[in-house]
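S.K.: Structure file my_file_33.tsv (TSV, C-alpha atoms) is given on the next line.
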chain	number	residue	atom	x	y	z
A	29	MET	CA	-39.71	21.07	-36.43
A	30	SER	CA	-36.11	20.76	-35.40
A	31	PHE	CA	-36.20	16.94	-35.41
A	32	GLU	CA	-36.60	14.61	-38.35
A	33	PRO	CA	-39.94	12.78	-38.49
A	34	GLU	CA	-38.10	9.45	-38.48
A	35	ASP	CA	-36.42	10.32	-35.16
A	36	ILE	CA	-39.67	11.41	-33.53
A	37	LEU	CA	-41.46	8.25	-34.63
A	38	ALA	CA	-38.56	6.06	-33.48
A	39	GLU	CA	-38.98	7.49	-29.96
A	40	PHE	CA	-42.46	5.98	-29.91
A	41	GLY	CA	-41.46	2.68	-31.51
A	42	TYR	CA	-42.68	3.50	-34.99
A	43	SER	CA	-40.95	3.90	-38.34
A	44	LEU	CA	-41.64	6.01	-41.39
A	45	LYS	CA	-41.92	4.59	-44.87
A	46	ARG	CA	-42.13	6.99	-47.80
A	47	SER	CA	-43.86	5.75	-50.92
A	48	SER	CA	-45.96	6.97	-53.80
A	49	LEU	CA	-49.62	7.53	-53.12
A	50	ASN	CA	-52.07	6.78	-55.88
A	51	GLN	CA	-55.29	8.71	-55.47
A	52	GLN	CA	-58.44	8.63	-57.52
A	53	LYS	CA	-58.96	11.63	-59.76
A	54	SER	CA	-61.63	14.01	-58.61
A	55	THR	CA	-64.69	14.83	-60.63
A	56	ILE	CA	-65.07	18.22	-58.93
A	57	GLU	CA	-65.13	21.15	-61.32
A	58	LEU	CA	-62.14	23.39	-60.55
A	59	ASP	CA	-63.96	26.66	-61.07
A	60	ARG	CA	-61.17	28.77	-59.53
A	61	LEU	CA	-58.28	27.27	-61.47
A	62	ALA	CA	-58.28	29.69	-64.42
A	63	ASN	CA	-58.45	32.69	-62.08
A	64	LEU	CA	-55.61	31.35	-59.93
A	65	LYS	CA	-53.40	30.77	-62.96
A	66	SER	CA	-54.17	34.22	-64.29
A	67	ARG	CA	-53.37	35.95	-60.97
A	68	ILE	CA	-50.06	34.12	-60.59
A	69	GLU	CA	-48.97	34.70	-64.19
A	70	GLU	CA	-49.95	38.38	-64.01
A	71	SER	CA	-47.94	39.00	-60.84
A	72	LEU	CA	-44.80	36.97	-61.62
A	73	PRO	CA	-43.05	39.73	-63.63
A	74	TYR	CA	-43.38	42.11	-60.68
A	75	ILE	CA	-42.34	39.97	-57.72
A	76	SER	CA	-39.05	38.53	-56.57
A	77	LEU	CA	-39.14	34.86	-55.60
A	78	THR	CA	-35.57	34.57	-54.38
A	79	SER	CA	-36.49	33.55	-50.83
A	80	GLU	CA	-38.44	30.59	-49.51
A	81	ALA	CA	-40.78	32.96	-47.69
A	82	ALA	CA	-41.64	34.79	-50.91
A	83	ARG	CA	-42.33	31.54	-52.76
A	84	ARG	CA	-44.43	30.25	-49.89
A	85	GLU	CA	-46.51	33.39	-49.51
A	86	LEU	CA	-46.95	34.38	-53.14
A	87	LEU	CA	-47.13	31.01	-54.91
A	88	ILE	CA	-48.03	28.29	-52.46
A	89	ALA	CA	-50.53	30.09	-50.18
A	90	PRO	CA	-53.07	30.93	-52.93
A	91	ILE	CA	-52.96	27.32	-54.13
A	92	LEU	CA	-53.49	25.96	-50.62
A	93	LEU	CA	-56.43	28.31	-50.05
A	94	ASP	CA	-58.08	27.00	-53.20
A	95	VAL	CA	-57.44	23.41	-52.07
A	96	VAL	CA	-59.23	24.28	-48.82
A	97	HIS	CA	-62.13	25.70	-50.86
A	98	TYR	CA	-62.47	22.53	-52.93
A	99	THR	CA	-61.94	19.99	-50.14
A	100	GLN	CA	-63.44	21.83	-47.15
A	101	ALA	CA	-60.49	20.38	-45.21
A	102	GLN	CA	-58.72	22.01	-42.31
A	103	LEU	CA	-55.32	23.49	-43.16
A	104	ARG	CA	-52.67	23.34	-40.45
A	105	ILE	CA	-50.11	25.94	-41.44
A	106	GLU	CA	-47.88	25.50	-38.41
A	107	TYR	CA	-46.09	22.57	-40.03
A	108	PRO	CA	-43.19	23.16	-42.45
A	109	LEU	CA	-43.74	22.68	-46.16
A	110	ASN	CA	-40.95	21.26	-48.29
A	111	SER	CA	-41.14	22.80	-51.74
A	112	TYR	CA	-39.98	20.96	-54.79
A	113	ARG	CA	-37.13	22.08	-57.03
A	114	THR	CA	-39.57	23.23	-59.69
A	115	ILE	CA	-40.91	25.89	-57.34
A	116	LYS	CA	-37.39	26.96	-56.42
A	117	ARG	CA	-36.59	27.44	-60.11
A	118	PHE	CA	-38.70	30.56	-60.45
A	119	PRO	CA	-36.48	33.64	-60.80
As structure tokens - that is how I would like this structure written.
M.R.:
Amino acid sequence: MSFEPEDILAEFGYSLKRSSLNQQKSTIELDRLANLKSRIEESLPYISLTSEAARRELLIAPILLDVVHYTQAQLRIEYPLNSYRTIKRFP
């Protein structure tokens, strides 16, 4: 989006408040976690993560697909994803 969420909400008379969200821990067995970690660690020496697109496609997408598997939730990929500094640290 080219507009800040705060500006869009203000147009409709709303405001945005950012705060921490405390969620209950899941009891679901993460049966794909070891495989995901292995695939990422195996490929890291061979890929360049210098661009946001590379990080998004090679690191974030596999994680999101597993989240969809576990939650059976719809994933809307048309919205931008702000990555944290820890993801940007990868060489």
S.K.: I'd like the interatomic distance between atom CA of Glu80 of chain A and atom CA of Gln102 of chain A, to a tenth of an Å.
M.R.: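 Taking atom CA of Glu80 of chain A as the start and atom CA of Gln102 of chain A as the end point, the length is 23.2 Å.
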S.K.: Which residues are near segment 64-75 of chain A? Cut-off 10 Å, all atoms listed in the file, ignore same chain within fewer than 5 positions. Put them as a list in words.
M.R.: Asp59, Ala82, Arg83, Leu86, Leu87, Pro90, Ile91, Asp94, Phe118 and Pro119 of chain A
S.K.: Atom CA of Thr99 of chain A and atom CA of Ser54 of chain A, how far apart in Å?
M.R.: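 For atom CA of Ser54 of chain A relative to atom CA of Thr99 of chain A, the distance reads 10.4 Å.
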S.K.: Quick one, how far is atom CA of Glu32 of chain A from atom CA of Leu93 of chain A?
M.R.: 26.8 Å
S.K.: List the spatial neighbours of Leu44 of chain A as a list in words - criterion: any atom at most 9 Å away, all atoms listed in the file, same-chain residues fewer than 4 positions off excluded.
M.R.: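 Residues meeting the cut-off are Pro33, Glu34, Leu37 and Ala38 of chain A.
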S.K.: Would you save the residues from that selection as an mmCIF file, in the frame of the given file, using C-alpha atoms?
M.R.:
data_model
loop_
_atom_site.group_PDB
_atom_site.id
_atom_site.type_symbol
_atom_site.label_atom_id
_atom_site.label_comp_id
_atom_site.auth_asym_id
_atom_site.auth_seq_id
_atom_site.Cartn_x
_atom_site.Cartn_y
_atom_site.Cartn_z
ATOM 1 C CA PRO A 33 -39.940 12.780 -38.490
ATOM 2 C CA GLU A 34 -38.100 9.450 -38.480
ATOM 3 C CA LEU A 37 -41.460 8.250 -34.630
ATOM 4 C CA ALA A 38 -38.560 6.060 -33.480
#
S.K.: For a quick check of understanding, using all atoms listed in the file, which of A:Ile36, A:Leu49, A:Leu77, A:Ile56 has the smallest distance to His97 of chain A?
M.R.: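 Distance minimum relative to His97 of chain A lands on A:Ile56.
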S.K.: Hey, could you patch up segment 30-63 of chain A with N, CA and C atoms and hand it over as a JSON list (two decimals), keeping the file's coordinate frame?
M.R.:
[["chain", "number", "residue", "atom", "x", "y", "z"],
["A", 30, "SER", "N", -37.57, 20.87, -35.39],
["A", 30, "SER", "CA", -36.11, 20.76, -35.40],
["A", 30, "SER", "C", -35.64, 19.31, -35.42],
["A", 31, "PHE", "N", -36.55, 18.35, -35.36],
["A", 31, "PHE", "CA", -36.20, 16.94, -35.41],
["A", 31, "PHE", "C", -36.79, 16.31, -36.66],
["A", 32, "GLU", "N", -36.11, 15.34, -37.19],
["A", 32, "GLU", "CA", -36.60, 14.61, -38.35],
["A", 32, "GLU", "C", -37.79, 13.74, -37.94],
["A", 33, "PRO", "N", -38.77, 13.62, -38.82],
["A", 33, "PRO", "CA", -39.94, 12.78, -38.49],
["A", 33, "PRO", "C", -39.55, 11.35, -38.13],
["A", 34, "GLU", "N", -38.53, 10.81, -38.78],
["A", 34, "GLU", "CA", -38.10, 9.45, -38.48],
["A", 34, "GLU", "C", -37.64, 9.32, -37.03],
["A", 35, "ASP", "N", -36.93, 10.36, -36.54],
["A", 35, "ASP", "CA", -36.42, 10.32, -35.16],
["A", 35, "ASP", "C", -37.56, 10.42, -34.15],
["A", 36, "ILE", "N", -38.53, 11.26, -34.43],
["A", 36, "ILE", "CA", -39.67, 11.41, -33.53],
["A", 36, "ILE", "C", -40.45, 10.10, -33.45],
["A", 37, "LEU", "N", -40.72, 9.51, -34.62],
["A", 37, "LEU", "CA", -41.46, 8.25, -34.63],
["A", 37, "LEU", "C", -40.70, 7.13, -33.94],
["A", 38, "ALA", "N", -39.38, 7.10, -34.11],
["A", 38, "ALA", "CA", -38.56, 6.06, -33.48],
["A", 38, "ALA", "C", -38.67, 6.13, -31.96],
["A", 39, "GLU", "N", -38.81, 7.33, -31.40],
["A", 39, "GLU", "CA", -38.98, 7.49, -29.96],
["A", 39, "GLU", "C", -40.22, 6.77, -29.44],
["A", 40, "PHE", "N", -41.22, 6.63, -30.29],
["A", 40, "PHE", "CA", -42.46, 5.98, -29.91],
["A", 40, "PHE", "C", -42.57, 4.56, -30.45],
["A", 41, "GLY", "N", -41.47, 4.05, -31.01],
["A", 41, "GLY", "CA", -41.46, 2.68, -31.51],
["A", 41, "GLY", "C", -42.05, 2.50, -32.89],
["A", 42, "TYR", "N", -42.15, 3.57, -33.63],
["A", 42, "TYR", "CA", -42.68, 3.50, -34.99],
["A", 42, "TYR", "C", -41.60, 3.85, -36.00],
["A", 43, "SER", "N", -41.87, 3.53, -37.27],
["A", 43, "SER", "CA", -40.95, 3.90, -38.34],
["A", 43, "SER", "C", -41.74, 4.61, -39.44],
["A", 44, "LEU", "N", -41.02, 5.27, -40.30],
["A", 44, "LEU", "CA", -41.64, 6.01, -41.39],
["A", 44, "LEU", "C", -41.22, 5.39, -42.71],
["A", 45, "LYS", "N", -42.19, 5.12, -43.54],
["A", 45, "LYS", "CA", -41.92, 4.59, -44.87],
["A", 45, "LYS", "C", -42.51, 5.56, -45.88],
["A", 46, "ARG", "N", -41.67, 6.08, -46.76],
["A", 46, "ARG", "CA", -42.13, 6.99, -47.80],
["A", 46, "ARG", "C", -42.37, 6.19, -49.07],
["A", 47, "SER", "N", -43.53, 6.45, -49.67],
["A", 47, "SER", "CA", -43.86, 5.75, -50.92],
["A", 47, "SER", "C", -44.84, 6.61, -51.71],
["A", 48, "SER", "N", -45.01, 6.26, -52.95],
["A", 48, "SER", "CA", -45.96, 6.97, -53.80],
["A", 48, "SER", "C", -47.38, 6.68, -53.34],
["A", 49, "LEU", "N", -48.22, 7.67, -53.49],
["A", 49, "LEU", "CA", -49.62, 7.53, -53.12],
["A", 49, "LEU", "C", -50.46, 7.71, -54.36],
["A", 50, "ASN", "N", -51.21, 6.71, -54.70],
["A", 50, "ASN", "CA", -52.07, 6.78, -55.88],
["A", 50, "ASN", "C", -53.49, 7.10, -55.44],
["A", 51, "GLN", "N", -53.95, 8.27, -55.84],
["A", 51, "GLN", "CA", -55.29, 8.71, -55.47],
["A", 51, "GLN", "C", -56.20, 8.70, -56.69],
["A", 52, "GLN", "N", -57.48, 8.53, -56.44],
["A", 52, "GLN", "CA", -58.44, 8.63, -57.52],
["A", 52, "GLN", "C", -58.52, 10.08, -57.97],
["A", 53, "LYS", "N", -58.78, 10.28, -59.24],
["A", 53, "LYS", "CA", -58.96, 11.63, -59.76],
["A", 53, "LYS", "C", -60.34, 12.13, -59.36],
["A", 54, "SER", "N", -60.38, 13.40, -59.04],
["A", 54, "SER", "CA", -61.63, 14.01, -58.61],
["A", 54, "SER", "C", -62.48, 14.38, -59.82],
["A", 55, "THR", "N", -63.77, 14.39, -59.59],
["A", 55, "THR", "CA", -64.69, 14.83, -60.63],
["A", 55, "THR", "C", -65.20, 16.24, -60.35],
["A", 56, "ILE", "N", -64.66, 16.86, -59.30],
["A", 56, "ILE", "CA", -65.07, 18.22, -58.93],
["A", 56, "ILE", "C", -64.61, 19.21, -59.99],
["A", 57, "GLU", "N", -65.50, 20.11, -60.36],
["A", 57, "GLU", "CA", -65.13, 21.15, -61.32],
["A", 57, "GLU", "C", -64.26, 22.18, -60.60],
["A", 58, "LEU", "N", -63.07, 22.44, -61.15],
["A", 58, "LEU", "CA", -62.14, 23.39, -60.55],
["A", 58, "LEU", "C", -62.43, 24.78, -61.09],
["A", 59, "ASP", "N", -63.48, 25.38, -60.56],
["A", 59, "ASP", "CA", -63.96, 26.66, -61.07],
["A", 59, "ASP", "C", -63.04, 27.83, -60.78],
["A", 60, "ARG", "N", -62.09, 27.68, -59.87],
["A", 60, "ARG", "CA", -61.17, 28.77, -59.53],
["A", 60, "ARG", "C", -59.81, 28.64, -60.22],
["A", 61, "LEU", "N", -59.60, 27.56, -60.92],
["A", 61, "LEU", "CA", -58.28, 27.27, -61.47],
["A", 61, "LEU", "C", -57.82, 28.31, -62.49],
["A", 62, "ALA", "N", -58.66, 28.71, -63.40],
["A", 62, "ALA", "CA", -58.28, 29.69, -64.42],
["A", 62, "ALA", "C", -57.93, 31.02, -63.78],
["A", 63, "ASN", "N", -58.72, 31.43, -62.77],
["A", 63, "ASN", "CA", -58.45, 32.69, -62.08],
["A", 63, "ASN", "C", -57.13, 32.63, -61.32]]
